[in-house]
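Peer 1: Structure file coords-v1.cif (mmCIF, C-alpha atoms and all ligand atoms) is given on the next line.
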```cif
data_run
#
loop_
_atom_site.label_atom_id
_atom_site.label_comp_id
_atom_site.auth_asym_id
_atom_site.auth_seq_id
_atom_site.Cartn_x
_atom_site.Cartn_y
_atom_site.Cartn_z
CA MET Y 781 11.14 -19.75 -8.31
CA LYS Y 782 8.48 -20.67 -5.75
CA ALA Y 783 7.79 -18.06 -3.08
CA ILE Y 784 5.26 -16.88 -0.54
CA LEU Y 785 3.86 -13.62 -1.85
CA PHE Y 786 1.12 -11.26 -0.76
CA HIS Y 787 -0.52 -8.68 -3.02
CA GLN Y 788 -2.56 -6.98 -0.30
CA HIS Y 789 -2.42 -6.70 3.49
CA GLY Y 790 -4.71 -8.84 5.63
CA GLY Y 791 -5.00 -12.15 7.47
CA PRO Y 792 -2.91 -15.27 6.85
CA GLU Y 793 -5.11 -16.04 3.80
CA VAL Y 794 -3.40 -13.26 1.77
CA LEU Y 795 -0.19 -15.34 1.70
CA LYS Y 796 0.01 -17.20 -1.62
CA TYR Y 797 2.48 -19.94 -2.57
CA THR Y 798 3.24 -19.04 -6.15
CA ASP Y 799 5.83 -18.60 -8.94
CA THR Y 800 7.80 -15.37 -9.16
CA PRO Y 801 11.05 -14.36 -10.91
CA GLU Y 802 14.38 -14.99 -9.14
CA PRO Y 803 15.89 -11.83 -7.61
CA MET Y 804 18.35 -9.89 -9.83
CA LEU Y 805 21.84 -9.95 -8.40
CA ARG Y 806 23.80 -6.72 -7.90
CA THR Y 807 27.60 -6.78 -7.91
CA SER Y 808 28.02 -6.73 -4.11
CA ASP Y 809 25.21 -9.23 -3.44
CA VAL Y 810 24.95 -12.95 -2.98
CA LEU Y 811 22.02 -15.13 -4.03
CA VAL Y 812 21.11 -17.63 -1.34
CA ARG Y 813 19.24 -20.86 -2.01
CA VAL Y 814 17.00 -20.76 1.05
CA LYS Y 815 16.82 -23.94 3.13
CA ALA Y 816 14.90 -22.56 6.09
CA CYS Y 817 13.31 -19.25 7.05
CA ALA Y 818 12.17 -18.55 10.61
CA LEU Y 819 9.10 -16.43 11.34
CA ASN Y 820 8.98 -13.46 13.68
CA HIS Y 821 6.21 -11.22 15.00
CA LEU Y 822 7.54 -8.72 12.49
CA ASP Y 823 6.19 -10.97 9.71
CA LEU Y 824 2.70 -10.68 11.18
CA TRP Y 825 2.92 -6.86 11.35
CA VAL Y 826 4.23 -6.66 7.79
CA ARG Y 827 1.47 -8.94 6.49
CA ARG Y 828 -1.27 -7.01 8.31
CA GLY Y 829 0.16 -3.65 7.22
CA LEU Y 830 1.55 -0.86 9.41
CA PRO Y 831 0.44 2.78 9.42
CA ASN Y 832 2.91 5.01 7.52
CA VAL Y 833 5.07 2.06 6.44
CA PRO Y 834 4.79 1.70 2.65
CA ILE Y 835 5.62 -1.97 2.16
CA PRO Y 836 6.16 -2.56 -1.58
CA LEU Y 837 3.56 -4.94 -3.01
CA PRO Y 838 3.58 -7.70 -4.02
CA HIS Y 839 5.89 -8.65 -1.19
CA ILE Y 840 7.91 -11.68 -0.04
CA PRO Y 841 8.16 -11.74 3.79
CA GLY Y 842 10.75 -13.51 5.96
CA SER Y 843 13.76 -12.09 7.86
CA ASP Y 844 15.66 -15.09 9.23
CA VAL Y 845 17.38 -17.14 6.53
CA ALA Y 846 19.70 -20.13 6.49
CA GLY Y 847 20.81 -21.52 3.15
CA GLU Y 848 23.49 -22.18 0.58
CA ILE Y 849 25.17 -19.66 -1.71
CA ALA Y 850 23.84 -20.19 -5.26
CA LYS Y 851 25.49 -17.22 -7.02
CA ILE Y 852 27.79 -14.33 -6.13
CA GLY Y 853 28.05 -10.83 -7.60
CA ALA Y 854 31.19 -9.70 -9.45
CA ASP Y 855 32.53 -7.71 -6.46
CA VAL Y 856 32.02 -10.44 -3.84
CA THR Y 857 35.35 -11.62 -2.43
CA THR Y 858 34.76 -13.39 0.90
CA ILE Y 859 31.97 -15.83 0.02
CA ARG Y 860 32.01 -18.73 -2.45
CA VAL Y 861 29.28 -20.62 -4.28
CA GLY Y 862 28.10 -23.67 -2.33
CA GLN Y 863 29.03 -22.22 1.08
CA ARG Y 864 26.44 -22.56 3.85
CA VAL Y 865 25.45 -19.30 5.49
CA VAL Y 866 23.02 -17.68 7.87
CA LEU Y 867 21.98 -14.14 6.92
CA ALA Y 868 22.02 -11.15 9.24
CA PRO Y 869 18.49 -9.76 8.81
CA LEU Y 870 19.35 -6.05 8.88
CA VAL Y 871 20.34 -4.57 5.52
CA SER Y 872 21.93 -1.14 5.93
CA CYS Y 873 23.62 1.32 3.55
CA GLY Y 874 27.17 0.55 4.75
CA LYS Y 875 28.29 4.10 4.00
CA CYS Y 876 26.70 6.52 6.49
CA PRO Y 877 28.41 7.63 9.76
CA ALA Y 878 26.31 5.16 11.79
CA CYS Y 879 27.22 2.23 9.53
CA LEU Y 880 30.88 3.26 9.51
CA ALA Y 881 30.80 3.27 13.32
CA GLY Y 882 29.45 -0.28 13.28
CA LEU Y 883 26.04 0.90 14.48
CA ASP Y 884 24.13 -0.42 11.49
CA ASN Y 885 20.88 -0.56 13.47
CA HIS Y 886 21.06 3.28 13.61
CA CYS Y 887 21.40 3.59 9.82
CA ARG Y 888 18.54 5.70 8.50
CA GLN Y 889 18.28 3.51 5.42
CA ALA Y 890 18.36 0.23 7.33
CA THR Y 891 15.61 -2.28 6.82
CA ASN Y 892 15.15 -6.00 7.37
CA LEU Y 893 15.01 -8.75 4.84
CA GLY Y 894 11.26 -9.21 4.37
CA TYR Y 895 10.37 -5.74 5.66
CA LEU Y 896 10.83 -3.01 3.03
CA ILE Y 897 12.70 -5.42 0.75
CA ASP Y 898 11.87 -8.97 -0.29
CA GLY Y 899 12.69 -11.64 2.26
CA GLY Y 900 13.43 -15.31 2.63
CA CYS Y 901 10.06 -17.05 2.27
CA ALA Y 902 11.16 -18.19 -1.18
CA GLU Y 903 13.52 -20.60 -2.90
CA PHE Y 904 16.05 -17.77 -3.35
CA VAL Y 905 16.79 -14.48 -1.61
CA ARG Y 906 19.25 -11.72 -2.43
CA ALA Y 907 21.40 -10.19 0.31
CA PRO Y 908 24.56 -8.08 0.56
CA GLU Y 909 27.81 -10.04 1.00
CA VAL Y 910 28.35 -8.36 4.39
CA ASN Y 911 25.15 -9.98 5.70
CA CYS Y 912 26.61 -13.51 5.44
CA LEU Y 913 27.43 -15.08 8.81
CA SER Y 914 29.45 -18.24 9.45
CA TYR Y 915 27.19 -21.26 9.49
CA PRO Y 916 27.11 -23.03 12.88
CA GLU Y 917 27.97 -26.59 11.85
CA ASN Y 918 26.39 -28.05 14.99
CA LEU Y 919 22.90 -26.98 13.83
CA ASN Y 920 20.50 -28.11 11.12
CA TRP Y 921 18.96 -25.59 8.71
CA GLU Y 922 15.83 -24.96 10.76
CA GLU Y 923 17.81 -24.45 13.97
CA ALA Y 924 20.28 -22.11 12.25
CA ALA Y 925 17.46 -19.97 10.81
CA ALA Y 926 15.91 -19.69 14.27
CA ILE Y 927 18.89 -17.72 15.64
CA PRO Y 928 19.50 -14.30 14.06
CA LEU Y 929 16.72 -11.82 14.73
CA VAL Y 930 15.68 -12.89 18.22
CA PHE Y 931 19.18 -13.48 19.58
CA GLN Y 932 20.46 -10.24 18.08
CA THR Y 933 17.53 -8.35 19.57
CA ALA Y 934 17.85 -9.95 23.01
CA TRP Y 935 21.64 -9.43 23.06
CA HIS Y 936 21.36 -5.75 22.14
CA MET Y 937 18.69 -5.25 24.81
CA LEU Y 938 20.48 -7.01 27.66
CA ILE Y 939 24.15 -6.45 27.01
CA THR Y 940 24.37 -3.19 25.08
CA ARG Y 941 21.34 -1.23 26.31
CA ALA Y 942 20.67 -2.54 29.85
CA GLU Y 943 24.35 -3.37 30.56
CA LEU Y 944 23.54 -6.55 32.44
CA HIS Y 945 26.02 -7.44 35.21
CA PRO Y 946 26.71 -10.84 36.80
CA GLY Y 947 24.55 -11.49 39.83
CA GLU Y 948 21.77 -9.11 38.85
CA ASP Y 949 18.11 -10.08 39.04
CA ILE Y 950 16.17 -9.92 35.79
CA LEU Y 951 12.49 -10.33 34.98
CA ILE Y 952 11.88 -11.73 31.48
CA LEU Y 953 8.35 -11.38 30.13
CA GLY Y 954 6.75 -13.38 27.33
CA VAL Y 955 9.08 -16.28 27.71
CA GLY Y 956 7.28 -18.41 25.12
CA SER Y 957 8.39 -16.05 22.36
CA GLY Y 958 11.61 -16.47 20.43
CA VAL Y 959 13.10 -13.34 21.95
CA GLY Y 960 12.14 -14.49 25.47
CA SER Y 961 13.79 -17.89 25.10
CA ALA Y 962 16.91 -16.18 23.73
CA ALA Y 963 16.94 -13.69 26.63
CA ILE Y 964 16.87 -16.44 29.29
CA GLN Y 965 19.97 -18.07 27.81
CA ILE Y 966 21.91 -14.82 27.36
CA ALA Y 967 21.04 -13.64 30.88
CA LYS Y 968 22.12 -16.96 32.37
CA PHE Y 969 25.33 -16.98 30.31
CA PHE Y 970 26.19 -13.58 31.84
CA GLY Y 971 25.47 -14.81 35.35
CA ALA Y 972 22.12 -13.21 36.16
CA ARG Y 973 19.31 -14.65 38.28
CA VAL Y 974 16.37 -15.08 35.90
CA ILE Y 975 12.70 -14.76 36.80
CA THR Y 976 10.40 -15.55 33.89
CA VAL Y 977 6.74 -14.93 33.18
CA ALA Y 978 4.32 -16.87 30.97
CA GLY Y 979 0.66 -17.82 30.87
CA SER Y 980 0.97 -21.61 31.04
CA ASP Y 981 2.75 -24.02 33.36
CA GLU Y 982 3.91 -25.97 30.32
CA LYS Y 983 5.78 -22.92 28.97
CA LEU Y 984 7.22 -22.21 32.42
CA ALA Y 985 8.53 -25.78 32.69
CA LYS Y 986 10.33 -25.28 29.37
CA ALA Y 987 11.69 -21.94 30.59
CA LYS Y 988 13.18 -23.79 33.58
CA GLU Y 989 14.83 -26.27 31.21
CA LEU Y 990 16.48 -23.28 29.50
CA GLY Y 991 17.85 -22.11 32.84
CA ALA Y 992 15.20 -19.87 34.42
CA ASP Y 993 15.64 -19.77 38.20
CA GLN Y 994 12.12 -18.68 39.13
CA VAL Y 995 8.84 -18.70 37.21
CA ILE Y 996 5.58 -16.74 37.45
CA ASN Y 997 2.30 -17.77 35.81
CA TYR Y 998 0.55 -14.43 35.15
CA LYS Y 999 -2.82 -16.15 34.84
CA THR Y 1000 -2.78 -17.38 38.42
CA GLN Y 1001 -0.24 -15.07 40.09
CA LYS Y 1002 0.26 -11.30 40.24
CA ILE Y 1003 3.61 -10.50 38.64
CA ARG Y 1004 4.64 -7.62 40.92
CA ASP Y 1005 3.70 -9.52 44.11
CA GLU Y 1006 5.67 -12.59 43.05
CA VAL Y 1007 8.69 -10.43 42.11
CA ARG Y 1008 8.57 -8.78 45.53
CA ARG Y 1009 8.37 -12.15 47.23
CA ILE Y 1010 11.22 -13.68 45.20
CA THR Y 1011 13.51 -10.66 45.60
CA ASN Y 1012 12.74 -10.12 49.28
CA LYS Y 1013 10.78 -6.90 48.49
CA ARG Y 1014 13.65 -5.32 46.58
CA GLY Y 1015 12.49 -5.73 42.97
CA VAL Y 1016 14.59 -6.64 39.93
CA ASP Y 1017 17.53 -4.79 38.39
CA ILE Y 1018 16.29 -5.30 34.83
CA VAL Y 1019 12.87 -5.88 33.27
CA PHE Y 1020 13.00 -7.36 29.76
CA GLU Y 1021 9.83 -6.02 28.08
CA HIS Y 1022 8.25 -6.65 24.70
CA VAL Y 1023 4.66 -7.26 25.73
CA GLY Y 1024 3.50 -3.65 26.12
CA THR Y 1025 0.20 -2.46 27.59
CA ALA Y 1026 -0.85 -5.75 29.20
CA THR Y 1027 2.22 -6.00 31.46
CA TRP Y 1028 3.51 -2.41 31.56
CA GLU Y 1029 2.28 -1.47 35.05
CA ASP Y 1030 3.55 -4.71 36.56
CA SER Y 1031 6.87 -4.24 34.76
CA LEU Y 1032 7.42 -0.78 36.23
CA ALA Y 1033 6.25 -1.85 39.69
CA SER Y 1034 8.71 -4.77 39.63
CA LEU Y 1035 11.82 -2.59 39.28
CA ALA Y 1036 14.23 -2.14 42.17
CA PRO Y 1037 15.55 1.38 42.86
CA THR Y 1038 17.89 2.37 39.95
CA GLY Y 1039 16.39 -0.50 37.91
CA ARG Y 1040 16.33 -0.50 34.11
CA LEU Y 1041 13.42 -1.43 31.91
CA VAL Y 1042 14.42 -2.31 28.38
CA THR Y 1043 11.81 -2.78 25.65
CA CYS Y 1044 11.88 -3.86 22.02
CA GLY Y 1045 8.21 -4.25 21.25
CA ALA Y 1046 4.60 -4.00 22.29
CA THR Y 1047 2.68 -7.04 21.11
CA THR Y 1048 -0.39 -6.24 23.27
CA GLY Y 1049 -0.50 -2.49 22.58
CA TYR Y 1050 1.51 0.74 22.63
CA ASP Y 1051 -0.28 2.71 25.34
CA ALA Y 1052 1.71 2.99 28.56
CA LYS Y 1053 1.49 5.28 31.58
CA VAL Y 1054 4.37 6.37 33.76
CA ASP Y 1055 4.07 8.11 37.13
CA LEU Y 1056 6.98 10.52 36.82
CA ARG Y 1057 7.35 10.77 40.61
CA PHE Y 1058 7.98 7.04 40.71
CA LEU Y 1059 10.46 7.37 37.85
CA PHE Y 1060 12.65 10.08 39.39
CA ILE Y 1061 12.43 9.18 43.05
CA ARG Y 1062 13.44 5.58 42.33
CA GLN Y 1063 15.93 6.73 39.66
CA LEU Y 1064 14.65 4.29 37.08
CA SER Y 1065 15.79 4.05 33.46
CA LEU Y 1066 13.45 3.32 30.56
CA LEU Y 1067 15.45 2.04 27.58
CA GLY Y 1068 14.28 1.52 24.03
CA SER Y 1069 16.07 -1.01 21.87
CA TYR Y 1070 15.86 -1.74 18.17
CA MET Y 1071 17.40 -4.76 16.47
CA GLY Y 1072 21.16 -5.03 16.97
CA THR Y 1073 24.42 -4.66 15.10
CA LYS Y 1074 26.13 -7.16 12.85
CA SER Y 1075 29.08 -7.31 15.22
CA GLU Y 1076 26.74 -8.35 18.05
CA LEU Y 1077 25.40 -11.07 15.80
CA HIS Y 1078 28.96 -12.32 15.17
CA ALA Y 1079 29.39 -12.57 18.97
CA VAL Y 1080 26.11 -14.49 19.23
CA PHE Y 1081 27.15 -16.95 16.52
CA LYS Y 1082 30.45 -17.66 18.24
CA LEU Y 1083 28.52 -18.78 21.32
CA VAL Y 1084 25.97 -20.67 19.22
CA ALA Y 1085 28.71 -22.61 17.41
CA THR Y 1086 30.10 -23.83 20.75
CA GLY Y 1087 26.65 -24.78 22.08
CA LYS Y 1088 26.55 -22.07 24.76
CA LEU Y 1089 23.44 -20.50 23.20
CA LYS Y 1090 20.85 -22.76 21.59
CA PRO Y 1091 17.99 -22.10 19.21
CA VAL Y 1092 14.58 -23.16 20.43
CA VAL Y 1093 12.48 -24.46 17.54
CA ASP Y 1094 8.85 -25.09 18.35
CA HIS Y 1095 7.42 -26.15 15.02
CA VAL Y 1096 8.55 -26.54 11.39
CA PHE Y 1097 6.09 -26.02 8.51
CA PRO Y 1098 6.81 -26.51 4.80
CA LEU Y 1099 7.13 -23.22 2.87
CA ALA Y 1100 3.87 -23.88 1.03
CA GLU Y 1101 2.06 -23.84 4.39
CA ALA Y 1102 3.23 -20.36 5.40
CA ALA Y 1103 -0.37 -19.24 5.98
CA ALA Y 1104 -0.89 -22.02 8.53
CA ALA Y 1105 2.44 -21.12 10.15
CA HIS Y 1106 1.36 -17.47 10.47
CA ALA Y 1107 -1.98 -18.50 12.01
CA TYR Y 1108 -0.11 -20.73 14.47
CA LEU Y 1109 2.29 -17.92 15.46
CA GLU Y 1110 -0.68 -15.59 15.90
CA SER Y 1111 -2.25 -18.04 18.36
CA SER Y 1112 0.75 -17.52 20.73
CA SER Y 1113 0.72 -21.17 21.71
CA GLN Y 1114 4.32 -21.74 20.65
CA PHE Y 1115 7.44 -21.99 22.79
CA GLY Y 1116 10.34 -20.77 20.71
CA LYS Y 1117 10.50 -20.34 16.96
CA VAL Y 1118 8.16 -21.27 14.15
CA VAL Y 1119 10.26 -22.08 11.08
CA LEU Y 1120 9.48 -22.67 7.41
CA SER Y 1121 11.44 -25.41 5.67
CA VAL Y 1122 12.14 -24.71 1.99
ZN ZN Y 1201 24.05 3.43 6.88
#
```
Give the structure from the file, written as structure tokens.
Ligand SMILES: [Zn+2]

Peer 2:
Amino acid sequence: MKAILFHQHGGPEVLKYTDTPEPMLRTSDVLVRVKACALNHLDLWVRRGLPNVPIPLPHIPGSDVAGEIAKIGADVTTIRVGQRVVLAPLVSCGKCPACLAGLDNHCRQATNLGYLIDGGCAEFVRAPEVNCLSYPENLNWEEAAAIPLVFQTAWHMLITRAELHPGEDILILGVGSGVGSAAIQIAKFFGARVITVAGSDEKLAKAKELGADQVINYKTQKIRDEVRRITNKRGVDIVFEHVGTATWEDSLASLAPTGRLVTCGATTGYDAKVDLRFLFIRQLSLLGSYMGTKSELHAVFKLVATGKLKPVVDHVFPLAEAAAAHAYLESSSQFGKVVLSV
């Protein structure tokens, strides 16, 4: 089969469009003929290489897959050949106490398609039967592939970790990213007032189309001052963080008393300072979040299928041009998802 493979870590140029054997099917797996695979920042980290993460080489990246079932293993009972599916990206053991409690993102053996195992930037990908999600018939392949990882992540952050309530004020950073555009929609669906931040007026206009109530351009405005102005000096109940060092101080300073900051990433760096006096006197909560559970993803897909949550696709590249797609994602000029069509 054709696939995007890299034999060493590095820049986009290490990604090669080449022939490689089809994955071997185990009895509880399905083989999916990939139609579209969406990119995530995770793909960039995996390609560049991460300290202490031994990614098996050569490697096929790609976590977000939509496609058609080509083959099923002998023990598969709920999926048939020819069925359209979207894959949940997180592959967990299914047997440990965390998995049995439905908390598969706490499984110590959990990994993503395209992370420690081969992913979907290929004509075929192997996945466990339990990772198959109902295909939203109102979406095309590229739109369907744009949903799983970012919506699951944003849902887990806002609903499960930060326990968003109707009427709360929320500051969403990095709104041009896939996770940011998902967060706006989820926050609005749950009745929050959404303030979003981006570095271009064009991105902010698109954020408004998705439902953002207020927008801040961090290149021309100071985030914390604008938040104070918009919230009548109170600050926001929730800050949705994934930017890291570049926005950390503004994020903390934007929180109202008893506010919660929830973070799932640090695209501009990991170093962050906290004045502990500020933390305890204002009774703030700092919440980490990682991925999400399959059951959360089922909830997301129910809302996607009825049009209440919508994928935002910025650009579609053919699979063979994965290197160009990575370079484009690295430039941060996108609004929404960059997707590979297979
Ligand atoms: Zn497990």

Peer 1: Could you list, as a ChimeraX atom specification, all protein and nucleic acid residues with an atom at most 9 Å from ligand ZN 1201 (chain Y), counting all atoms listed in the file?

Peer 2: /Y:871-880,883-890

Peer 1: Fewer than 3 positions away in the same chain doesn't count, so skip those; otherwise give me all residues within 7 Å of Arg1014 in chain Y, counting all atoms listed in the file, as a PyMOL selection string.

Peer 2: chain Y and resi 1008+1011+1036

Peer 1: So which residues touch Glu1006 in chain Y within 10 Å, counting all atoms listed in the file, skipping near sequence neighbours fewer than 6 positions away, as number ranges by chain?

Peer 2: Y: 975, 994-998, 1012-1013, 1015, 1034

Peer 1: Please produce an output containing C-alpha atoms for each residue in the selection, written as a PDB file, in the coordinates of the input.

Peer 2:
```
ATOM      1  CA  ILE Y 975      12.700 -14.760  36.800  1.00  0.00           C
ATOM      2  CA  GLN Y 994      12.120 -18.680  39.130  1.00  0.00           C
ATOM      3  CA  VAL Y 995       8.840 -18.700  37.210  1.00  0.00           C
ATOM      4  CA  ILE Y 996       5.580 -16.740  37.450  1.00  0.00           C
ATOM      5  CA  ASN Y 997       2.300 -17.770  35.810  1.00  0.00           C
ATOM      6  CA  TYR Y 998       0.550 -14.430  35.150  1.00  0.00           C
ATOM      7  CA  ASN Y1012      12.740 -10.120  49.280  1.00  0.00           C
ATOM      8  CA  LYS Y1013      10.780  -6.900  48.490  1.00  0.00           C
ATOM      9  CA  GLY Y1015      12.490  -5.730  42.970  1.00  0.00           C
ATOM     10  CA  SER Y1034       8.710  -4.770  39.630  1.00  0.00           C
TER      11      SER Y1034
END
```

Peer 1: Return the single residue from Y:Val905, Y:Ala978, Y:Cys1044, Y:Leu1035 that is closest to Met937 in chain Y, with distances computed using all atoms listed in the file.

Peer 2: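 Among the listed residues, the smallest separation from Met937 in chain Y belongs to Y:Cys1044.
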
Peer 1: Residues of range 890-1000 of chain Y that have any atom at most 9 Å from an atom of range 782-802 of chain Y: could you tabulate them with the shortest-distance atom pair and the distance in Å to one decimal, using all atoms listed in the file, ordered by chain and increasing number, as CSV?

Peer 2:
```
residue,atom,partner,partner_atom,distance
Y:Gly900,CA,Y:Ala783,CA,8.5
Y:Cys901,CA,Y:Ile784,CA,5.6
Y:Ala902,CA,Y:Ala783,CA,3.9
Y:Glu903,CA,Y:Lys782,CA,5.8
Y:Phe904,CA,Y:Glu802,CA,6.6
Y:Val905,CA,Y:Glu802,CA,7.9
Y:Arg906,CA,Y:Glu802,CA,8.9
```

Peer 1: I'd like the contact shell of range 1056-1060 of chain Y - 12 Å cut-off, all atoms listed in the file, skipping same-chain residues fewer than 3 positions apart - returned as a PDB file with C-alpha atoms, keeping the file's coordinate frame.

Peer 2:
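Saved as around-v6.pdb:
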```pdb
ATOM      1  CA  GLU Y1029       2.280  -1.470  35.050  1.00  0.00           C
ATOM      2  CA  LEU Y1032       7.420  -0.780  36.230  1.00  0.00           C
ATOM      3  CA  ALA Y1033       6.250  -1.850  39.690  1.00  0.00           C
ATOM      4  CA  SER Y1034       8.710  -4.770  39.630  1.00  0.00           C
ATOM      5  CA  LEU Y1035      11.820  -2.590  39.280  1.00  0.00           C
ATOM      6  CA  ALA Y1036      14.230  -2.140  42.170  1.00  0.00           C
ATOM      7  CA  PRO Y1037      15.550   1.380  42.860  1.00  0.00           C
ATOM      8  CA  THR Y1038      17.890   2.370  39.950  1.00  0.00           C
ATOM      9  CA  GLY Y1039      16.390  -0.500  37.910  1.00  0.00           C
ATOM     10  CA  ARG Y1040      16.330  -0.500  34.110  1.00  0.00           C
ATOM     11  CA  LEU Y1041      13.420  -1.430  31.910  1.00  0.00           C
ATOM     12  CA  LYS Y1053       1.490   5.280  31.580  1.00  0.00           C
ATOM     13  CA  GLN Y1063      15.930   6.730  39.660  1.00  0.00           C
ATOM     14  CA  LEU Y1064      14.650   4.290  37.080  1.00  0.00           C
ATOM     15  CA  SER Y1065      15.790   4.050  33.460  1.00  0.00           C
ATOM     16  CA  LEU Y1066      13.450   3.320  30.560  1.00  0.00           C
TER      17      LEU Y1066
END
```

Peer 1: Quick one: of Y:Val814, Y:Ile1061, Y:Ile849, Y:Leu819, who's nearest to Val959 in chain Y, counting all atoms listed in the file?

Peer 2: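 For Val959 in chain Y, the nearest of the given residues is Y:Leu819.
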
Peer 1: List the residues sitting within 10 Å of (5.9, -14.1, 25.5) in the file's frame, using only C-alpha atoms, as a PyMOL selection string.

Peer 2: chain Y and resi 952-961+976-979+983+1021-1023+1047+1112-1116

Peer 1: Within 9 Å of Ala962 in chain Y, counting only C-alpha atoms, which residues qualify if same-chain residues fewer than 3 places away don't, as a PyMOL selection string?

Peer 2: chain Y and resi 927+930-935+955+957-959+965-967+1089-1092+1116

Peer 1: Skipping near chain neighbours, those fewer than 3 positions away, what residues fall within 10 Å of Asn820 in chain Y using all atoms listed in the file, listed as a list in words?

Peer 2: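 These residues fall inside the cut-off: Cys817, Asp823, Leu824, Trp825, Gly842, Ser843, Asp844, Ala926, Leu929, Val930, Ser957, Gly958, Val959, His1106, Leu1109, Lys1117, Val1118 and Val1119 of chain Y.
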